[in-house]
Each structure stands twice: as C-alpha cells, then as structure tokens.
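Structure file work-v3.txt (compact mmCIF, C-alpha atoms) is printed below.
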# COMPACT_ATOMS: atom_id res chain seq x y z
CA MET Y 1154 -29.59 29.62 68.01
CA ILE Y 1155 -28.04 32.42 65.94
CA LEU Y 1156 -26.89 34.13 69.13
CA LEU Y 1157 -25.32 30.87 70.36
CA LEU Y 1158 -23.44 30.48 67.07
CA GLN Y 1159 -22.32 34.09 67.21
CA TYR Y 1160 -20.91 33.81 70.73
CA THR Y 1161 -19.39 30.40 70.02
CA LEU Y 1162 -17.43 31.72 67.06
CA ILE Y 1163 -16.16 34.85 68.82
CA PHE Y 1164 -15.08 32.99 71.97
CA ALA Y 1165 -13.54 30.25 69.82
CA SER Y 1166 -11.63 32.98 67.96
CA VAL Y 1167 -10.15 34.19 71.26
CA LEU Y 1168 -9.15 30.69 72.35
CA ILE Y 1169 -7.71 29.76 68.96
CA LEU Y 1170 -5.59 32.91 68.71
CA VAL Y 1171 -4.15 32.58 72.23
CA ALA Y 1172 -3.71 28.80 71.99
CA LEU Y 1173 -1.82 29.24 68.71
CA GLY Y 1174 0.43 31.71 70.48
CA GLY Y 1175 1.15 29.20 73.23
CA CYS Y 1176 1.70 26.51 70.59
CA ILE Y 1177 4.34 28.54 68.74
CA SER Y 1178 6.17 29.41 71.95
CA GLU Y 1179 6.25 25.82 73.17
CA HIS Y 1180 7.35 24.54 69.76
CA SER Y 1181 10.35 26.84 70.14
CA GLY Y 1182 11.07 25.37 73.58
CA VAL Y 1183 9.65 28.06 75.90
CA ILE Y 1184 6.55 27.44 78.03
CA ASN Y 1185 4.46 30.59 78.01
CA LEU Y 1186 2.29 30.49 81.13
CA GLY Y 1187 2.06 34.27 80.99
CA LEU Y 1188 -0.62 34.27 78.28
CA GLU Y 1189 -3.21 35.58 80.75
CA GLY Y 1190 -1.13 38.67 81.50
CA ILE Y 1191 -0.21 39.11 77.83
CA MET Y 1192 -3.91 39.08 76.93
CA VAL Y 1193 -4.60 41.84 79.45
CA ILE Y 1194 -1.79 44.04 78.17
CA GLY Y 1195 -2.80 43.41 74.54
CA ALA Y 1196 -6.38 44.29 75.43
CA LEU Y 1197 -5.13 47.48 77.06
CA GLY Y 1198 -3.16 48.50 73.97
CA GLY Y 1199 -6.12 47.85 71.68
CA ALA Y 1200 -8.62 49.56 73.98
CA LEU Y 1201 -6.47 52.69 74.29
CA ALA Y 1202 -6.14 52.80 70.49
CA MET Y 1203 -9.95 52.74 70.18
CA LYS Y 1204 -10.33 55.30 72.97
CA TYR Y 1205 -8.10 57.89 71.33
CA MET Y 1206 -9.12 57.32 67.71
CA SER Y 1207 -12.01 59.32 66.36
CA PRO Y 1208 -15.10 57.15 65.75
CA GLU Y 1209 -15.45 59.01 62.46
CA VAL Y 1210 -12.38 57.32 60.88
CA SER Y 1211 -12.96 54.54 58.39
CA ALA Y 1212 -13.71 51.04 59.70
CA LEU Y 1213 -10.56 49.70 58.02
CA SER Y 1214 -8.38 52.27 59.78
CA MET Y 1215 -10.00 51.51 63.13
CA ILE Y 1216 -9.46 47.76 62.68
CA LEU Y 1217 -5.84 48.10 61.53
CA VAL Y 1218 -4.76 50.52 64.26
CA THR Y 1219 -6.50 48.51 67.00
CA VAL Y 1220 -5.01 45.21 65.82
CA ILE Y 1221 -1.51 46.67 65.45
CA SER Y 1222 -1.70 48.26 68.91
CA ALA Y 1223 -2.85 45.02 70.55
CA VAL Y 1224 -0.21 42.96 68.73
CA ALA Y 1225 2.59 45.41 69.55
CA SER Y 1226 1.57 45.59 73.22
CA GLY Y 1227 1.48 41.79 73.49
CA MET Y 1228 4.89 41.44 71.84
CA LEU Y 1229 6.45 44.10 74.05
CA TYR Y 1230 5.13 42.47 77.21
CA SER Y 1231 6.16 38.97 76.09
CA ALA Y 1232 9.71 40.29 75.67
CA LEU Y 1233 9.94 40.24 79.48
CA LEU Y 1234 9.41 36.48 79.37
CA ALA Y 1235 12.00 36.11 76.61
CA VAL Y 1236 14.66 38.10 78.46
CA ALA Y 1237 14.12 36.28 81.75
CA CYS Y 1238 13.77 32.74 80.41
CA ILE Y 1239 15.98 32.73 77.31
CA ASN Y 1240 18.79 35.12 78.18
CA PHE Y 1241 18.87 34.66 81.95
CA LYS Y 1242 17.54 31.06 81.98
CA ALA Y 1243 15.01 31.77 84.74
CA ASP Y 1244 12.34 29.22 85.64
CA GLN Y 1245 9.68 29.57 82.95
CA THR Y 1246 6.76 28.62 85.19
CA ILE Y 1247 7.61 31.22 87.83
CA VAL Y 1248 8.19 33.98 85.28
CA GLY Y 1249 4.93 33.21 83.50
CA THR Y 1250 3.01 33.31 86.77
CA ALA Y 1251 4.62 36.64 87.66
CA LEU Y 1252 3.65 38.08 84.28
CA ASN Y 1253 0.03 37.09 84.85
CA MET Y 1254 -0.12 38.93 88.18
CA LEU Y 1255 1.82 41.93 86.90
CA GLY Y 1256 -0.33 42.27 83.77
CA VAL Y 1257 -3.61 42.85 85.58
CA ALA Y 1258 -2.02 45.11 88.20
CA ALA Y 1259 -0.14 47.21 85.64
CA ALA Y 1260 -3.18 47.59 83.38
CA THR Y 1261 -5.35 48.65 86.32
CA VAL Y 1262 -2.85 51.26 87.49
CA ILE Y 1263 -2.33 52.65 83.97
CA VAL Y 1264 -6.06 52.96 83.22
CA LYS Y 1265 -6.82 54.54 86.60
CA ALA Y 1266 -3.99 57.04 86.06
CA ILE Y 1267 -5.33 57.96 82.61
CA ASN Y 1268 -8.91 58.30 83.86
CA THR Y 1269 -7.85 60.38 86.86
CA ALA Y 1270 -5.76 62.71 84.66
CA GLU Y 1271 -8.78 63.33 82.43
CA ASN Y 1272 -11.25 63.61 85.31
CA PRO Y 1273 -10.06 63.71 88.95
CA ASP Y 1274 -13.38 62.25 90.10
CA ASN Y 1275 -13.03 59.20 87.85
CA VAL Y 1276 -10.86 56.59 89.59
CA SER Y 1277 -12.25 53.54 87.77
CA SER Y 1278 -10.18 51.09 85.75
CA GLU Y 1279 -12.74 51.14 82.94
CA ILE Y 1280 -12.30 52.07 79.29
CA SER Y 1281 -15.32 52.63 77.06
CA TYR Y 1282 -15.30 52.00 73.27
CA ILE Y 1283 -19.01 51.98 72.41
CA ALA Y 1284 -18.92 53.82 69.08
CA GLU Y 1285 -15.50 52.47 68.05
CA LYS Y 1286 -16.59 48.84 68.46
CA LYS Y 1287 -19.08 49.21 65.61
CA ALA Y 1288 -16.19 49.17 63.12
CA PHE Y 1289 -15.64 45.47 63.88
CA LEU Y 1290 -19.25 44.38 63.39
CA VAL Y 1291 -21.29 43.56 60.28
CA ASN Y 1292 -24.92 42.46 60.57
CA ILE Y 1293 -25.71 39.61 58.16
CA GLY Y 1294 -29.35 38.55 58.36
CA GLY Y 1295 -29.47 38.86 62.15
CA PHE Y 1296 -26.03 37.31 62.61
CA GLU Y 1297 -23.50 39.80 63.98
CA PHE Y 1298 -20.30 38.98 62.12
CA ASN Y 1299 -17.14 40.21 63.81
CA TRP Y 1300 -14.05 40.84 61.67
CA PHE Y 1301 -11.97 39.23 64.42
CA MET Y 1302 -13.52 35.89 63.41
CA LEU Y 1303 -11.92 36.23 59.98
CA ILE Y 1304 -8.62 37.37 61.50
CA ALA Y 1305 -8.59 34.24 63.71
CA LEU Y 1306 -9.18 32.02 60.67
CA ILE Y 1307 -6.38 33.72 58.74
CA ALA Y 1308 -4.04 33.34 61.75
CA LEU Y 1309 -4.93 29.64 62.02
CA VAL Y 1310 -4.06 28.96 58.38
CA ALA Y 1311 -0.94 31.13 58.54
CA VAL Y 1312 0.42 29.35 61.63
CA ALA Y 1313 -0.28 25.90 60.16
CA VAL Y 1314 1.55 26.81 56.94
CA MET Y 1315 4.39 28.45 58.84
CA LEU Y 1316 5.04 25.51 61.15
CA TYR Y 1317 4.88 22.71 58.60
CA LYS Y 1318 5.63 24.28 55.22
CA THR Y 1319 8.33 26.88 55.81
CA ARG Y 1320 12.00 26.68 56.69
CA PHE Y 1321 11.45 29.07 59.59
CA GLY Y 1322 8.70 26.88 61.10
CA LEU Y 1323 10.67 23.67 60.77
CA ARG Y 1324 13.70 25.28 62.38
CA LEU Y 1325 11.50 26.66 65.16
CA MET Y 1326 10.13 23.19 65.94
CA ALA Y 1327 13.63 21.72 65.82
CA CYS Y 1328 14.63 24.12 68.60
CA GLY Y 1329 11.77 22.78 70.75
CA GLU Y 1330 12.64 19.14 70.11
CA HIS Y 1331 16.46 18.92 69.91
CA PRO Y 1332 18.02 22.38 70.35
CA GLN Y 1333 21.60 21.08 70.49
CA ALA Y 1334 21.11 19.13 67.25
CA ALA Y 1335 19.56 22.23 65.67
CA ALA Y 1336 22.52 24.35 66.76
CA SER Y 1337 24.95 21.79 65.28
CA VAL Y 1338 23.58 22.51 61.79
CA GLY Y 1339 23.85 26.27 62.18
CA ILE Y 1340 20.45 27.25 63.61
CA ASN Y 1341 20.60 30.07 66.15
CA VAL Y 1342 18.49 28.59 68.95
CA ILE Y 1343 18.42 31.82 70.99
CA LYS Y 1344 17.04 33.85 68.08
CA MET Y 1345 14.49 31.19 67.17
CA ARG Y 1346 13.21 31.01 70.74
CA TRP Y 1347 12.97 34.78 70.87
CA ALA Y 1348 10.96 34.69 67.65
CA GLY Y 1349 8.66 32.03 69.11
CA VAL Y 1350 7.98 34.02 72.28
CA LEU Y 1351 7.38 37.29 70.40
CA LEU Y 1352 4.96 35.61 67.99
CA SER Y 1353 3.23 34.11 71.00
CA GLY Y 1354 2.93 37.58 72.52
CA ALA Y 1355 1.51 38.97 69.27
CA LEU Y 1356 -1.26 36.36 69.10
CA GLY Y 1357 -1.90 36.56 72.84
CA GLY Y 1358 -2.25 40.34 72.70
CA LEU Y 1359 -4.60 40.04 69.75
CA GLY Y 1360 -6.66 37.47 71.63
CA GLY Y 1361 -6.93 39.91 74.53
CA ILE Y 1362 -8.57 42.68 72.52
CA VAL Y 1363 -10.91 40.17 70.89
CA TYR Y 1364 -11.97 38.93 74.33
CA ILE Y 1365 -12.83 42.29 75.88
CA THR Y 1366 -14.78 43.41 72.80
CA ALA Y 1367 -16.61 40.09 72.42
CA GLY Y 1368 -19.82 41.03 74.18
CA VAL Y 1369 -19.43 44.43 75.86
CA SER Y 1370 -18.58 48.00 74.90
CA GLN Y 1371 -16.49 48.83 77.97
CA TRP Y 1372 -14.12 46.91 80.19
CA LYS Y 1373 -12.83 47.08 83.76
CA PHE Y 1374 -9.22 46.00 83.60
CA GLU Y 1375 -9.12 44.98 87.26
CA ASN Y 1376 -11.25 41.99 86.14
CA GLY Y 1377 -8.47 40.68 83.92
CA VAL Y 1378 -9.64 38.16 81.29
CA ALA Y 1379 -11.37 35.67 83.59
CA GLY Y 1380 -8.88 32.86 83.17
CA PHE Y 1381 -9.11 32.71 79.37
CA GLY Y 1382 -5.32 32.53 79.09
CA PHE Y 1383 -5.32 29.29 81.10
CA LEU Y 1384 -8.33 28.02 79.17
CA ALA Y 1385 -6.37 28.62 75.96
CA LEU Y 1386 -3.53 26.52 77.37
CA ALA Y 1387 -6.03 23.70 77.92
CA VAL Y 1388 -7.18 24.10 74.31
CA MET Y 1389 -3.56 23.90 73.17
CA ILE Y 1390 -2.88 20.71 75.15
CA PHE Y 1391 -6.18 19.13 74.08
CA GLY Y 1392 -5.27 20.06 70.51
CA GLN Y 1393 -1.91 18.28 70.88
CA TRP Y 1394 0.06 21.39 69.85
CA LYS Y 1395 -1.31 21.09 66.30
CA PRO Y 1396 -3.18 24.03 64.70
CA LYS Y 1397 -5.88 21.86 63.09
CA HIS Y 1398 -6.73 20.14 66.36
CA ILE Y 1399 -6.51 23.42 68.25
CA ALA Y 1400 -9.24 24.80 65.96
CA TRP Y 1401 -11.66 22.00 66.85
CA ALA Y 1402 -10.80 22.23 70.54
CA GLY Y 1403 -11.34 26.00 70.43
CA LEU Y 1404 -14.81 25.54 68.92
CA LEU Y 1405 -15.73 22.98 71.59
CA PHE Y 1406 -14.60 25.15 74.50
CA GLY Y 1407 -16.09 28.23 72.82
CA LEU Y 1408 -19.46 26.49 72.68
CA PHE Y 1409 -19.48 25.80 76.41
CA ARG Y 1410 -18.41 29.38 77.14
CA ALA Y 1411 -21.15 30.72 74.86
CA LEU Y 1412 -23.80 28.71 76.70
CA SER Y 1413 -23.20 30.80 79.82
CA ASN Y 1414 -24.20 33.88 77.82
CA VAL Y 1415 -27.32 32.59 76.07
CA TYR Y 1416 -28.70 29.66 78.12
CA SER Y 1417 -31.72 31.75 79.19
CA GLY Y 1418 -32.80 31.92 75.54
CA PHE Y 1419 -33.29 28.14 75.39
CA PRO Y 1420 -36.59 27.08 77.07
CA VAL Y 1421 -35.29 23.58 77.89
CA LEU Y 1422 -32.22 24.95 79.70
CA ALA Y 1423 -34.14 27.79 81.34
CA GLN Y 1424 -36.74 25.38 82.78
CA MET Y 1425 -34.02 23.32 84.46
CA ASN Y 1426 -33.42 26.24 86.86
CA ILE Y 1427 -29.67 25.63 86.94
CA PRO Y 1428 -27.88 28.60 88.58
CA SER Y 1429 -26.09 30.86 86.11
CA GLY Y 1430 -22.83 30.27 87.98
CA VAL Y 1431 -22.86 26.63 86.88
CA TYR Y 1432 -22.93 27.68 83.22
CA ASN Y 1433 -20.08 30.10 83.86
CA MET Y 1434 -18.03 27.29 85.38
CA MET Y 1435 -18.71 24.81 82.57
CA PRO Y 1436 -15.73 25.69 80.31
CA TYR Y 1437 -13.33 25.29 83.23
CA ILE Y 1438 -14.93 22.07 84.45
CA ILE Y 1439 -14.74 20.67 80.93
CA SER Y 1440 -11.09 21.70 80.68
CA LEU Y 1441 -10.26 19.81 83.89
CA LEU Y 1442 -12.06 16.70 82.64
CA VAL Y 1443 -10.44 16.86 79.21
CA LEU Y 1444 -6.94 17.33 80.62
CA ALA Y 1445 -7.45 14.52 83.13
CA LEU Y 1446 -8.55 12.13 80.38
CA THR Y 1447 -6.02 13.12 77.71
CA SER Y 1448 -2.88 14.05 79.68
CA LYS Y 1449 -1.33 10.57 79.37
CA ARG Y 1450 -1.56 10.73 75.59
CA SER Y 1451 -0.24 14.27 75.32
CA ARG Y 1452 3.06 14.67 73.52
CA ALA Y 1453 4.58 18.06 74.18
CA PRO Y 1454 7.78 19.25 72.45
CA LYS Y 1455 10.63 17.39 74.14
CA ALA Y 1456 12.76 20.40 75.04
CA GLU Y 1457 9.97 22.72 76.23
CA GLY Y 1458 10.75 24.38 79.54
CA ILE Y 1459 14.43 23.39 79.39
CA PRO Y 1460 16.84 26.37 79.18
CA TYR Y 1461 19.19 26.07 76.22
CA GLU Y 1462 22.77 25.29 77.14
CA LYS Y 1463 25.13 25.26 74.19
CA GLY Y 1464 27.43 22.58 75.55
CA MET Y 1465 24.71 20.28 76.92
CA ARG Y 1466 24.06 16.96 75.15

Just give me the structure as structure tokens.
Amino acid sequence: MILLLQYTLIFASVLILVALGGCISEHSGVINLGLEGIMVIGALGGALAMKYMSPEVSALSMILVTVISAVASGMLYSALLAVACINFKADQTIVGTALNMLGVAAATVIVKAINTAENPDNVSSEISYIAEKKAFLVNIGGFEFNWFMLIALIALVAVAVMLYKTRFGLRLMACGEHPQAAASVGINVIKMRWAGVLLSGALGGLGGIVYITAGVSQWKFENGVAGFGFLALAVMIFGQWKPKHIAWAGLLFGLFRALSNVYSGFPVLAQMNIPSGVYNMMPYIISLLVLALTSKRSRAPKAEGIPYEKGMR
C-alpha cells in the first residue's frame, strides 16, 4: 500500500505539472499540443545536468541545477511553438504535433552523439543517473519521499494564485477569452501569449525530468515519455482548466498509472491473472472514457487556438 501511494504521488506530480503548463498556455490563447516533446527535451536537460554534476555535491545543489536545467530546456524548446504560432500564426495543432515528433528524435540523436563521443562502442540513447538520483529521495518510515512531490505542490499553489489573484494572471486569461477587448485596454496580447507558452514550457520540461526519474535510474530517450504529455492534456480537460480540479484529476490518473507498477503486490489483483499490458493501458483507457463523458460540459478558453489579429472583432 505504501508503494502504491508513493507511485501515485510521483506520477500525479508529473501529470499536475504538465497539465498546469497546458492550462497556462491555453488560458493565454495558445493550444500547446507539443507537451510530449517539451517533456522529452526537459528530461534531457535535467538528465544531462545530473550526468555531468559530481554526485558528491550537496543535495540542494543537485536539485536546483537539475530543476533549472529542465525548466530552461523546456522553455527554450517551447519558444519554437511561440514563434511559429504567435508570430507567424501557424496552425497550432500541426506545430504541436511536429514538436512532439522532433523532441524524441532530437533527444535520441543528441544522447547518442554524446555517448559515442565518450565511448565509440556505446551507441545507445541511454543516460544513467544512479547516484545523482539519491539527492531527490528521502526515506520516511519506508515511504520514499521525492522532493519533486513538494515542487509539484508549490507549483500548483503558485499557478492558482497567479491566475486568479494577480494582475498578470487576469490579463493572461483575458487574452485567452477576448484578446481584442484585452488589447483595447492596453494589454499586449503578443507578449502575454509568449509568457503563457514559455511558462507552459517551463512546467512541461520540469514534468519531463520528474517522469524519467520516477521509478528508474537510467533512461532511453528513444522511448520518449510514453504518452504522458497527452495524458496530461486529458487531466487538464477533465480538470476544466482550473488548478484545483487539475490536482484531483492528476491524483486519479496517477493512481491508475501506479497500479501498473505495483499490481503484483496485491494478492487480489495478482490472483485475477490479468495481463500486465492491461494495467499499463488503464490510464489511457480511463482518459478516453473520461473525455467521452465530460467533453460536452467542457468549457475551454474562447479564443484558444485562434491566432491573434489586431483588427479582428
């Protein structure tokens, strides 16, 4: 049971972080379907930071450098979406899909190039961070607490306060609802949408490093993030683009994802002889069911996906 709780919280942390990123971007008026690719690039940035840092540095230094690297990588990659969709008014769905494909391919090529340069016989796309990962873990009575769980909670509170209690957040949401009206009172819609996409990239990149360190101490980047970016979008929609609801949705989806890791430890589930693949599919099956049942009641920001035209009314 402790292991189930542990995996539920860490997977929920991933989903909440990435879903919050998608939420901020869509509240600004830009649909970020490239979260999957952003997660991969963020994971790459964080993993390289752990790879090249000495495991002898303090835990705080390891955490800070890894988080900053993942966030910076996610923001840099999300800038491609911002340039294409905000400045050049490209189709947001197509650009997001392209970023997803490019992210995995680029990460694989970069890691293979690094590994080959260090050892010509090593052509894998794998990065190991066995000793470095220990900086993120604290054992509390058999429960393995991960500092990323706390970071996800802080991000959740910060995003909720930002969106509903700050001038910046209210202006951001105005740009996703009525951008022309927002512009008429002096709000720079272009800058606000850029800010929304970059914040989305920061949280998506952070979610990527949390995902690859969730249960393993090395990662093959050719595997991507197993659809977690799309799962986070389902969490965002199920949570109605509201941080509080996203938190509960993230816990629900995290629970089903955790079951695929620990089902063998529950005698009742083990005796049912259900193939492990079924447990692995459960989060995605649940997401399809949830979206099918709740899509009619979903209320997305009115101007999401619509390029901003200054003269349009």

Nearest to Y:Ile1247, restricted to all atoms listed in the file and choosing among Y:Asn1185, Y:Ser1211, Y:Ser1353, Y:Asn1272, comes out as Y:Asn1185

What are the nearest atom pairs, with distances in Å to one decimal, for all residues of stretch 1289-1374 of chain Y that come at most 8 Å from stretch 1395-1403 of chain Y, using only C-alpha atoms, set out by chain and rising residue number as a Markdown table?
| residue | atom | partner | partner_atom | distance |
| --- | --- | --- | --- | --- |
| Y:Leu1309 | CA | Y:Pro1396 | CA | 6.5 |
| Y:Val1312 | CA | Y:Pro1396 | CA | 7.1 |
| Y:Ala1313 | CA | Y:Pro1396 | CA | 5.7 |

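For Y:Leu1384, the set of protein, DNA and RNA residues having any atom at most 10 Å away, when counting all atoms listed in the file and skipping those fewer than 4 positions along the same chain, is Leu1168, Val1171, Ala1172, Leu1188, Glu1189, Ala1379, Gly1380, Val1388, Met1389, Ile1390, Gly1403, Phe1406, Pro1436, Tyr1437, Ile1439, Ser1440 and Leu1441 of chain Y.
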
Would you export the selected residues with C-alpha atoms as a PDB file, in the frame of the given file, please?
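After the write, part_3.pdb holds the following:
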ATOM      1  CA  LEU Y1168      -9.150  30.690  72.350  1.00  0.00           C
ATOM      2  CA  VAL Y1171      -4.150  32.580  72.230  1.00  0.00           C
ATOM      3  CA  ALA Y1172      -3.710  28.800  71.990  1.00  0.00           C
ATOM      4  CA  LEU Y1188      -0.620  34.270  78.280  1.00  0.00           C
ATOM      5  CA  GLU Y1189      -3.210  35.580  80.750  1.00  0.00           C
ATOM      6  CA  ALA Y1379     -11.370  35.670  83.590  1.00  0.00           C
ATOM      7  CA  GLY Y1380      -8.880  32.860  83.170  1.00  0.00           C
ATOM      8  CA  VAL Y1388      -7.180  24.100  74.310  1.00  0.00           C
ATOM      9  CA  MET Y1389      -3.560  23.900  73.170  1.00  0.00           C
ATOM     10  CA  ILE Y1390      -2.880  20.710  75.150  1.00  0.00           C
ATOM     11  CA  GLY Y1403     -11.340  26.000  70.430  1.00  0.00           C
ATOM     12  CA  PHE Y1406     -14.600  25.150  74.500  1.00  0.00           C
ATOM     13  CA  PRO Y1436     -15.730  25.690  80.310  1.00  0.00           C
ATOM     14  CA  TYR Y1437     -13.330  25.290  83.230  1.00  0.00           C
ATOM     15  CA  ILE Y1439     -14.740  20.670  80.930  1.00  0.00           C
ATOM     16  CA  SER Y1440     -11.090  21.700  80.680  1.00  0.00           C
ATOM     17  CA  LEU Y1441     -10.260  19.810  83.890  1.00  0.00           C
TER      18      LEU Y1441
END

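Here the question is which of Y:Ala1259, Y:Leu1442, Y:Ile1280, Y:Leu1325 gets nearest to Y:Trp1347 using all atoms listed in the file, and that residue is Y:Leu1325.
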
Using the file's own x, y and z axes, so that the box edges lie along x, y and z, what centre and edge lengths in Å (one decimal) does a box around every listed atom of stretch 1219-1232 of chain Y get when 6 Å is added on each side? Give it as AutoDock Vina command-line options.
--center_x 1.6 --center_y 43.7 --center_z 71.3 --size_x 28.2 --size_y 21.5 --size_z 23.8

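Proximity ranking of Y:Ala1445, Y:Leu1173, Y:Leu1290, Y:Ala1200 relative to Y:Ala1311 places Y:Leu1173 first, based on only C-alpha atoms.
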
Fill in: Close residues, Y:Val1218 itself excluded, 7 Å, all atoms listed in the file, min 4 positions apart in chain, as a VMD selection string
chain Y and resid 1202 1214 1222

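Taking all atoms listed in the file into account, Y:Ala1258 lies nearest to Y:Ile1194 out of the set Y:Leu1157, Y:Leu1233, Y:Ile1194, Y:Leu1444.
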
Separating atom CA of Y:Thr1447 from atom CA of Y:Trp1394, to the nearest tenth of an Å, is a gap of 12.9 Å

Atom pair atom CA of Y:Gly1195 + atom CA of Y:Val1257, distance 11.1 Å

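Interatomic distance, atom CA of Y:Ala1308 to atom CA of Y:Leu1213: 18.0 Å.
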
Judged by all atoms listed in the file, the minimum distance to Y:Ala1232 among Y:Val1310, Y:Leu1352, Y:Val1338, Y:Leu1405 is found for Y:Leu1352

Could you model N, CA, C and O atoms for stretch 1185-1197 of chain Y and present them as an mmCIF file, keeping the file's coordinate frame?
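Below is the file part_39.cif, written as the result:
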data_model
loop_
_atom_site.group_PDB
_atom_site.id
_atom_site.type_symbol
_atom_site.label_atom_id
_atom_site.label_comp_id
_atom_site.auth_asym_id
_atom_site.auth_seq_id
_atom_site.Cartn_x
_atom_site.Cartn_y
_atom_site.Cartn_z
ATOM 1 N N ASN Y 1185 4.987 29.252 77.750
ATOM 2 C CA ASN Y 1185 4.460 30.590 78.010
ATOM 3 C C ASN Y 1185 3.212 30.500 78.881
ATOM 4 O O ASN Y 1185 2.087 30.470 78.385
ATOM 5 N N LEU Y 1186 3.425 30.480 80.197
ATOM 6 C CA LEU Y 1186 2.290 30.490 81.130
ATOM 7 C C LEU Y 1186 1.787 31.907 81.376
ATOM 8 O O LEU Y 1186 0.814 32.092 82.097
ATOM 9 N N GLY Y 1187 2.453 32.879 80.783
ATOM 10 C CA GLY Y 1187 2.060 34.270 80.990
ATOM 11 C C GLY Y 1187 1.031 34.773 79.998
ATOM 12 O O GLY Y 1187 0.829 35.980 79.874
ATOM 13 N N LEU Y 1188 0.351 33.859 79.303
ATOM 14 C CA LEU Y 1188 -0.620 34.270 78.280
ATOM 15 C C LEU Y 1188 -1.761 35.103 78.869
ATOM 16 O O LEU Y 1188 -2.282 36.002 78.202
ATOM 17 N N GLU Y 1189 -2.137 34.817 80.104
ATOM 18 C CA GLU Y 1189 -3.210 35.580 80.750
ATOM 19 C C GLU Y 1189 -2.813 37.055 80.871
ATOM 20 O O GLU Y 1189 -3.577 37.955 80.510
ATOM 21 N N GLY Y 1190 -1.609 37.296 81.360
ATOM 22 C CA GLY Y 1190 -1.130 38.670 81.500
ATOM 23 C C GLY Y 1190 -0.910 39.332 80.149
ATOM 24 O O GLY Y 1190 -1.188 40.522 79.974
ATOM 25 N N ILE Y 1191 -0.426 38.574 79.171
ATOM 26 C CA ILE Y 1191 -0.210 39.110 77.830
ATOM 27 C C ILE Y 1191 -1.542 39.519 77.206
ATOM 28 O O ILE Y 1191 -1.642 40.555 76.540
ATOM 29 N N MET Y 1192 -2.583 38.725 77.436
ATOM 30 C CA MET Y 1192 -3.910 39.080 76.930
ATOM 31 C C MET Y 1192 -4.386 40.402 77.511
ATOM 32 O O MET Y 1192 -4.930 41.244 76.795
ATOM 33 N N VAL Y 1193 -4.165 40.593 78.796
ATOM 34 C CA VAL Y 1193 -4.600 41.840 79.450
ATOM 35 C C VAL Y 1193 -3.872 43.040 78.866
ATOM 36 O O VAL Y 1193 -4.491 44.067 78.548
ATOM 37 N N ILE Y 1194 -2.564 42.923 78.701
ATOM 38 C CA ILE Y 1194 -1.790 44.040 78.170
ATOM 39 C C ILE Y 1194 -2.147 44.296 76.698
ATOM 40 O O ILE Y 1194 -2.232 45.450 76.250
ATOM 41 N N GLY Y 1195 -2.359 43.234 75.930
ATOM 42 C CA GLY Y 1195 -2.800 43.410 74.540
ATOM 43 C C GLY Y 1195 -4.151 44.081 74.468
ATOM 44 O O GLY Y 1195 -4.387 44.954 73.617
ATOM 45 N N ALA Y 1196 -5.057 43.667 75.366
ATOM 46 C CA ALA Y 1196 -6.380 44.290 75.430
ATOM 47 C C ALA Y 1196 -6.256 45.770 75.775
ATOM 48 O O ALA Y 1196 -6.975 46.615 75.228
ATOM 49 N N LEU Y 1197 -5.339 46.094 76.680
ATOM 50 C CA LEU Y 1197 -5.130 47.480 77.060
ATOM 51 C C LEU Y 1197 -4.644 48.311 75.872
ATOM 52 O O LEU Y 1197 -5.156 49.407 75.609
#
